[in-house]
file final.cif (mmCIF, C-alpha atoms)
data_query
#
loop_
_atom_site.label_atom_id
_atom_site.label_comp_id
_atom_site.auth_asym_id
_atom_site.auth_seq_id
_atom_site.Cartn_x
_atom_site.Cartn_y
_atom_site.Cartn_z
CA MET A 1 -4.76 0.28 -18.38
CA GLU A 2 -5.85 2.21 -15.34
CA ARG A 3 -5.11 1.47 -11.73
CA TYR A 4 -8.10 0.99 -9.44
CA THR A 5 -8.17 0.94 -5.66
CA LEU A 6 -10.64 -1.40 -3.96
CA SER A 7 -11.50 -1.12 -0.29
CA VAL A 8 -12.88 -4.41 1.01
CA LEU A 9 -14.27 -4.90 4.52
CA VAL A 10 -14.12 -8.52 5.63
CA GLU A 11 -14.81 -10.53 8.75
CA ASN A 12 -11.56 -10.87 10.67
CA ASN A 13 -11.38 -14.67 10.44
CA PRO A 14 -8.46 -17.02 9.71
CA GLY A 15 -8.04 -17.73 6.00
CA VAL A 16 -10.03 -14.76 4.65
CA LEU A 17 -7.00 -13.09 3.08
CA SER A 18 -6.02 -16.40 1.50
CA ARG A 19 -9.49 -16.76 -0.04
CA VAL A 20 -9.44 -13.19 -1.37
CA VAL A 21 -5.97 -13.53 -2.90
CA GLY A 22 -6.84 -17.01 -4.20
CA MET A 23 -9.82 -15.57 -6.07
CA PHE A 24 -7.50 -13.17 -7.89
CA SER A 25 -5.13 -16.00 -8.76
CA ARG A 26 -7.86 -18.36 -10.00
CA ARG A 27 -9.38 -15.65 -12.20
CA GLY A 28 -6.02 -14.49 -13.59
CA PHE A 29 -6.27 -10.99 -12.09
CA ASN A 30 -2.99 -9.40 -11.05
CA ILE A 31 -2.74 -7.55 -7.74
CA HIS A 32 -0.48 -4.51 -8.01
CA SER A 33 -0.58 -3.69 -4.30
CA LEU A 34 -2.14 -5.23 -1.20
CA SER A 35 -2.53 -3.97 2.35
CA VAL A 36 -4.58 -5.48 5.16
CA GLY A 37 -5.23 -4.70 8.81
CA THR A 38 -7.95 -4.58 11.41
CA THR A 39 -10.31 -1.62 11.60
CA ASN A 40 -11.58 0.13 14.72
CA ASP A 41 -13.86 -2.93 15.06
CA PRO A 42 -11.56 -5.87 15.96
CA HIS A 43 -13.95 -8.28 14.20
CA VAL A 44 -13.51 -6.49 10.85
CA SER A 45 -10.43 -6.05 8.65
CA ARG A 46 -9.94 -3.70 5.72
CA ILE A 47 -8.14 -5.02 2.66
CA THR A 48 -6.92 -2.34 0.28
CA ILE A 49 -6.19 -3.79 -3.15
CA GLU A 50 -4.79 -2.00 -6.18
CA VAL A 51 -5.41 -3.66 -9.53
CA ASN A 52 -4.53 -2.69 -13.08
CA GLY A 53 -7.25 -3.07 -15.67
CA ASP A 54 -10.34 -1.48 -17.08
CA ALA A 55 -13.77 -0.78 -15.58
CA LEU A 56 -15.10 -4.17 -16.75
CA THR A 57 -12.23 -6.03 -15.06
CA VAL A 58 -12.81 -4.18 -11.79
CA GLU A 59 -16.53 -4.93 -11.97
CA GLN A 60 -15.75 -8.64 -12.47
CA VAL A 61 -13.32 -8.58 -9.55
CA SER A 62 -15.93 -6.95 -7.30
CA LYS A 63 -18.58 -9.50 -8.28
CA GLN A 64 -16.22 -12.39 -7.56
CA LEU A 65 -15.16 -10.88 -4.22
CA SER A 66 -18.79 -10.45 -3.17
CA LYS A 67 -19.24 -14.23 -3.50
CA ILE A 68 -16.76 -14.83 -0.67
CA MET A 69 -18.81 -15.41 2.46
CA GLU A 70 -16.72 -13.23 4.81
CA VAL A 71 -16.74 -10.17 2.51
CA ILE A 72 -18.95 -7.51 4.10
CA LYS A 73 -18.58 -4.53 1.73
CA ILE A 74 -16.61 -3.63 -1.39
CA LYS A 75 -16.07 -0.16 -2.78
CA THR A 76 -14.04 1.03 -5.75
CA LEU A 77 -12.30 4.22 -4.67
CA ARG A 78 -11.43 7.12 -7.01
CA ASP A 79 -7.98 8.66 -6.58
CA SER A 80 -9.51 12.14 -6.35
CA GLU A 81 -11.66 11.05 -3.39
CA ILE A 82 -9.09 9.24 -1.24
CA VAL A 83 -6.01 9.63 0.88
CA LYS A 84 -3.60 6.89 -0.19
CA ARG A 85 -0.22 6.11 1.37
CA GLY A 86 2.49 3.50 1.31
CA LEU A 87 5.59 2.96 3.43
CA ALA A 88 9.12 1.96 2.48
CA LEU A 89 12.10 1.11 4.65
CA VAL A 90 15.29 1.74 2.67
CA LYS A 91 18.80 0.80 3.78
CA ILE A 92 21.12 3.13 1.85
CA LYS A 93 24.90 2.73 1.52
CA VAL A 94 26.82 5.75 2.80
CA THR A 95 30.39 6.85 3.26
CA PRO A 96 31.61 9.68 5.50
CA LYS A 97 31.49 11.90 2.39
CA THR A 98 27.96 10.93 1.24
CA ARG A 99 26.24 10.64 4.62
CA SER A 100 25.27 14.32 4.80
CA GLU A 101 23.96 14.26 1.20
CA VAL A 102 21.67 11.32 1.96
CA ILE A 103 20.50 13.02 5.18
CA GLU A 104 19.68 16.16 3.18
CA ILE A 105 17.65 14.20 0.62
CA THR A 106 15.86 12.43 3.48
CA ASN A 107 14.95 15.77 5.04
CA VAL A 108 13.67 17.22 1.75
CA PHE A 109 11.30 14.25 1.41
CA ARG A 110 10.22 14.56 5.06
CA ALA A 111 11.37 10.99 5.65
CA ASN A 112 12.82 9.68 8.92
CA ILE A 113 16.16 8.09 9.64
CA VAL A 114 15.37 5.09 11.83
CA ASP A 115 18.79 3.42 12.01
CA ILE A 116 22.39 4.49 11.54
CA SER A 117 25.46 2.33 11.12
CA PRO A 118 28.96 3.23 9.93
CA ASN A 119 28.13 2.22 6.35
CA THR A 120 24.34 2.59 6.05
CA LEU A 121 21.36 4.75 6.89
CA THR A 122 17.94 3.16 7.16
CA VAL A 123 15.19 5.54 6.12
CA GLU A 124 11.44 5.30 6.63
CA ILE A 125 9.44 7.14 3.98
CA THR A 126 5.68 7.32 3.69
CA GLY A 127 3.51 8.88 1.05
CA HIS A 128 1.94 8.45 -2.33
CA GLU A 129 3.65 5.93 -4.60
CA LYS A 130 5.08 8.74 -6.77
CA LYS A 131 6.78 10.36 -3.77
CA VAL A 132 8.28 7.07 -2.59
CA ASN A 133 9.47 6.25 -6.12
CA ALA A 134 11.05 9.71 -6.53
CA PHE A 135 12.96 9.23 -3.27
CA LEU A 136 14.14 5.78 -4.36
CA ASP A 137 15.30 7.16 -7.71
CA LEU A 138 17.44 9.80 -5.96
CA VAL A 139 19.06 7.52 -3.39
CA ASP A 140 19.64 4.71 -5.89
CA ALA A 141 22.83 6.49 -6.98
CA TYR A 142 24.26 5.95 -3.48
CA GLY A 143 23.33 2.27 -3.49
CA ILE A 144 20.30 0.65 -1.97
CA GLU A 145 21.45 -2.16 0.29
CA GLU A 146 17.93 -3.40 1.16
CA LEU A 147 14.36 -2.30 0.49
CA SER A 148 11.03 -3.29 1.98
CA ARG A 149 7.72 -1.73 0.87
CA THR A 150 4.16 -2.05 2.05
CA GLY A 151 1.16 -2.07 -0.21
CA MET A 152 -0.80 1.13 -0.52
CA THR A 153 -3.53 1.73 2.03
CA ALA A 154 -6.37 4.18 1.51
CA LEU A 155 -9.37 5.86 3.10
CA GLU A 156 -11.99 8.09 1.55
CA ARG A 157 -11.60 11.81 2.20
CA GLY A 158 -13.91 13.71 4.52
CA ALA A 159 -17.18 12.28 5.76
CA ASN A 160 -17.36 9.63 3.00
CA MET A 161 -16.71 6.18 4.36
CA LEU A 162 -17.31 2.52 3.84
CA LYS A 163 -19.79 1.74 6.64
CA LEU A 164 -20.94 -1.53 8.10
CA ASP A 165 -24.68 -2.10 8.05
CA LYS A 166 -25.83 -2.29 11.65
#
call {"tool": "encode", "arguments": {"input": "final.cif", "output": "structure tokens"}}
result
Amino acid sequence: MERYTLSVLVENNPGVLSRVVGMFSRRGFNIHSLSVGTTNDPHVSRITIEVNGDALTVEQVSKQLSKIMEVIKIKTLRDSEIVKRGLALVKIKVTPKTRSEVIEITNVFRANIVDISPNTLTVEITGHEKKVNAFLDLVDAYGIEELSRTGMTALERGANMLKLDK
């Protein structure tokens, strides 16, 4: 199974996200990752959805999404043509002995320490899923107290873009 990234522009109305996610649920499609937010037009939101499947599954998903009234545009994005990022906030257990080791790992990954307490460091890391996972694998040995991750969000590289018809 491959992972596909869909970029969906929708009218920024109450309940739209619920209808989009409900379509996936009703059709038995699994969402691997989901991110949503307004665009530069406050009346339009972008939903970035990652799904596992094959080309036929993604085509079916796109057809079903296009039936939702508030969906404006849908585009399947290729990994080679996009910038894709996720964010994780990770609260890592530290001792006076391990604190500097965790700080060093954080620096190597170009992550940011956003909170410090006597027994924990909270780190913000952004990047491709592989980068975030590699960081989590390394700090897991110290103990992850809490973890919160966003879904991946993506935009096409360069001048390519999902445009609204005006």
call {"tool": "atom_distance", "arguments": {"input": "final.cif", "atom1": "CA of Phe135 (chain A)", "atom2": "CA of Ala111 (chain A)"}}
result
9.2 Å
call {"tool": "closest_residue", "arguments": {"input": "final.cif", "among": "A:Glu81, A:Glu2, A:Glu145, A:Glu104", "to": "Asn119 (chain A)", "atoms": "only C-alpha atoms"}}
result
A:Glu145
call {"tool": "closest_residue", "arguments": {"input": "final.cif", "among": "A:Leu9, A:Leu56, A:Val61, A:Ile74", "to": "Ile31 (chain A)", "atoms": "all atoms listed in the file"}}
result
A:Val61
call {"tool": "closest_residue", "arguments": {"input": "final.cif", "among": "A:Leu136, A:Ile49, A:Thr150, A:Asp79", "to": "Thr106 (chain A)", "atoms": "all atoms listed in the file"}}
result
A:Leu136
call {"tool": "closest_residue", "arguments": {"input": "final.cif", "among": "A:Thr57, A:Thr38, A:Thr126, A:Ser80", "to": "Gly151 (chain A)", "atoms": "all atoms listed in the file"}}
result
A:Thr126
call {"tool": "atom_distance", "arguments": {"input": "final.cif", "atom1": "CA of Ile92 (chain A)", "atom2": "CA of Ser35 (chain A)"}}
result
24.7 Å
call {"tool": "closest_residue", "arguments": {"input": "final.cif", "among": "A:Met1, A:Ala154, A:Ala159, A:Val44", "to": "Ile72 (chain A)", "atoms": "only C-alpha atoms"}}
result
A:Val44
call {"tool": "residues_around", "arguments": {"input": "final.cif", "residues": "Val90 (chain A)", "least_positions_apart": "4", "cutoff": "9 Å", "atoms": "all atoms listed in the file", "output": "ChimeraX atom specification"}}
result
/A:121-125,136,144-149
call {"tool": "residues_around", "arguments": {"input": "final.cif", "residues": "Thr48 (chain A)", "least_positions_apart": "4", "cutoff": "10 Å", "atoms": "only C-alpha atoms", "output": "list of chain:residue names"}}
result
A:Thr5, A:Leu6, A:Ser7, A:Val8, A:Leu9, A:Ser33, A:Leu34, A:Ser35, A:Val36, A:Gly37, A:Ile74, A:Lys75, A:Thr76, A:Leu77, A:Lys84, A:Gly151, A:Met152, A:Thr153, A:Ala154, A:Leu155
call {"tool": "closest_residue", "arguments": {"input": "final.cif", "among": "A:Lys73, A:His128, A:His32, A:Arg78", "to": "Ala55 (chain A)", "atoms": "only C-alpha atoms"}}
result
A:Arg78
call {"tool": "atom_distance", "arguments": {"input": "final.cif", "atom1": "CA of Ile113 (chain A)", "atom2": "CA of Arg46 (chain A)"}}
result
28.9 Å
call {"tool": "axis_aligned_box", "arguments": {"input": "final.cif", "around": "region 70-82 of chain A", "padding_each_side": "5 Å", "output": "JSON"}}
result
{"center_x": -13.5, "center_y": -0.5, "center_z": -1.1, "size_x": 21.0, "size_y": 35.4, "size_z": 21.8}
call {"tool": "residues_around", "arguments": {"input": "final.cif", "residues": "Gly22 (chain A)", "least_positions_apart": "5", "cutoff": "12 Å", "atoms": "only C-alpha atoms", "output": "PyMOL selection string"}}
result
chain A and resi 15-17+27-31+61+64-65+68
call {"tool": "build_atoms", "arguments": {"input": "final.cif", "residues": "region 35-57 of chain A", "atoms": "N, CA and C atoms", "output": "compact mmCIF listing (two decimals), keeping the file's coordinate frame"}}
result
# COMPACT_ATOMS: atom_id res chain seq x y z
N SER A 35 -2.74 -4.36 0.96
CA SER A 35 -2.53 -3.97 2.35
C SER A 35 -3.73 -4.46 3.15
N VAL A 36 -3.47 -4.97 4.34
CA VAL A 36 -4.58 -5.48 5.16
C VAL A 36 -4.30 -5.21 6.63
N GLY A 37 -5.35 -4.90 7.36
CA GLY A 37 -5.23 -4.70 8.81
C GLY A 37 -6.61 -4.55 9.42
N THR A 38 -6.67 -4.70 10.73
CA THR A 38 -7.95 -4.58 11.41
C THR A 38 -8.42 -3.13 11.40
N THR A 39 -9.71 -2.95 11.53
CA THR A 39 -10.31 -1.62 11.60
C THR A 39 -10.52 -1.27 13.07
N ASN A 40 -11.28 -0.21 13.33
CA ASN A 40 -11.58 0.13 14.72
C ASN A 40 -12.48 -0.92 15.37
N ASP A 41 -13.10 -1.77 14.56
CA ASP A 41 -13.86 -2.93 15.06
C ASP A 41 -12.94 -4.15 14.93
N PRO A 42 -12.52 -4.76 16.03
CA PRO A 42 -11.56 -5.87 15.96
C PRO A 42 -12.08 -7.10 15.22
N HIS A 43 -13.37 -7.15 14.93
CA HIS A 43 -13.95 -8.28 14.20
C HIS A 43 -13.95 -8.05 12.69
N VAL A 44 -13.48 -6.87 12.26
CA VAL A 44 -13.51 -6.49 10.85
C VAL A 44 -12.13 -6.03 10.41
N SER A 45 -11.69 -6.50 9.24
CA SER A 45 -10.43 -6.05 8.65
C SER A 45 -10.74 -5.32 7.35
N ARG A 46 -9.85 -4.40 7.00
CA ARG A 46 -9.94 -3.70 5.72
C ARG A 46 -8.79 -4.19 4.85
N ILE A 47 -9.14 -4.64 3.66
CA ILE A 47 -8.14 -5.02 2.66
C ILE A 47 -8.17 -3.95 1.58
N THR A 48 -7.03 -3.32 1.35
CA THR A 48 -6.92 -2.34 0.28
C THR A 48 -6.14 -3.02 -0.84
N ILE A 49 -6.77 -3.08 -2.01
CA ILE A 49 -6.19 -3.79 -3.15
C ILE A 49 -6.11 -2.83 -4.34
N GLU A 50 -4.93 -2.74 -4.94
CA GLU A 50 -4.79 -2.00 -6.18
C GLU A 50 -4.65 -2.99 -7.33
N VAL A 51 -5.46 -2.79 -8.35
CA VAL A 51 -5.41 -3.66 -9.53
C VAL A 51 -5.30 -2.80 -10.78
N ASN A 52 -4.61 -3.34 -11.77
CA ASN A 52 -4.53 -2.69 -13.08
C ASN A 52 -5.57 -3.33 -13.99
N GLY A 53 -6.26 -2.52 -14.75
CA GLY A 53 -7.25 -3.07 -15.67
C GLY A 53 -8.18 -1.99 -16.16
N ASP A 54 -9.33 -2.43 -16.62
CA ASP A 54 -10.34 -1.48 -17.08
C ASP A 54 -11.57 -1.61 -16.17
N ALA A 55 -12.57 -0.79 -16.43
CA ALA A 55 -13.77 -0.78 -15.58
C ALA A 55 -14.44 -2.15 -15.56
N LEU A 56 -14.46 -2.85 -16.69
CA LEU A 56 -15.10 -4.17 -16.75
C LEU A 56 -14.36 -5.17 -15.86
N THR A 57 -13.03 -5.13 -15.90
CA THR A 57 -12.23 -6.03 -15.06
C THR A 57 -12.52 -5.79 -13.59
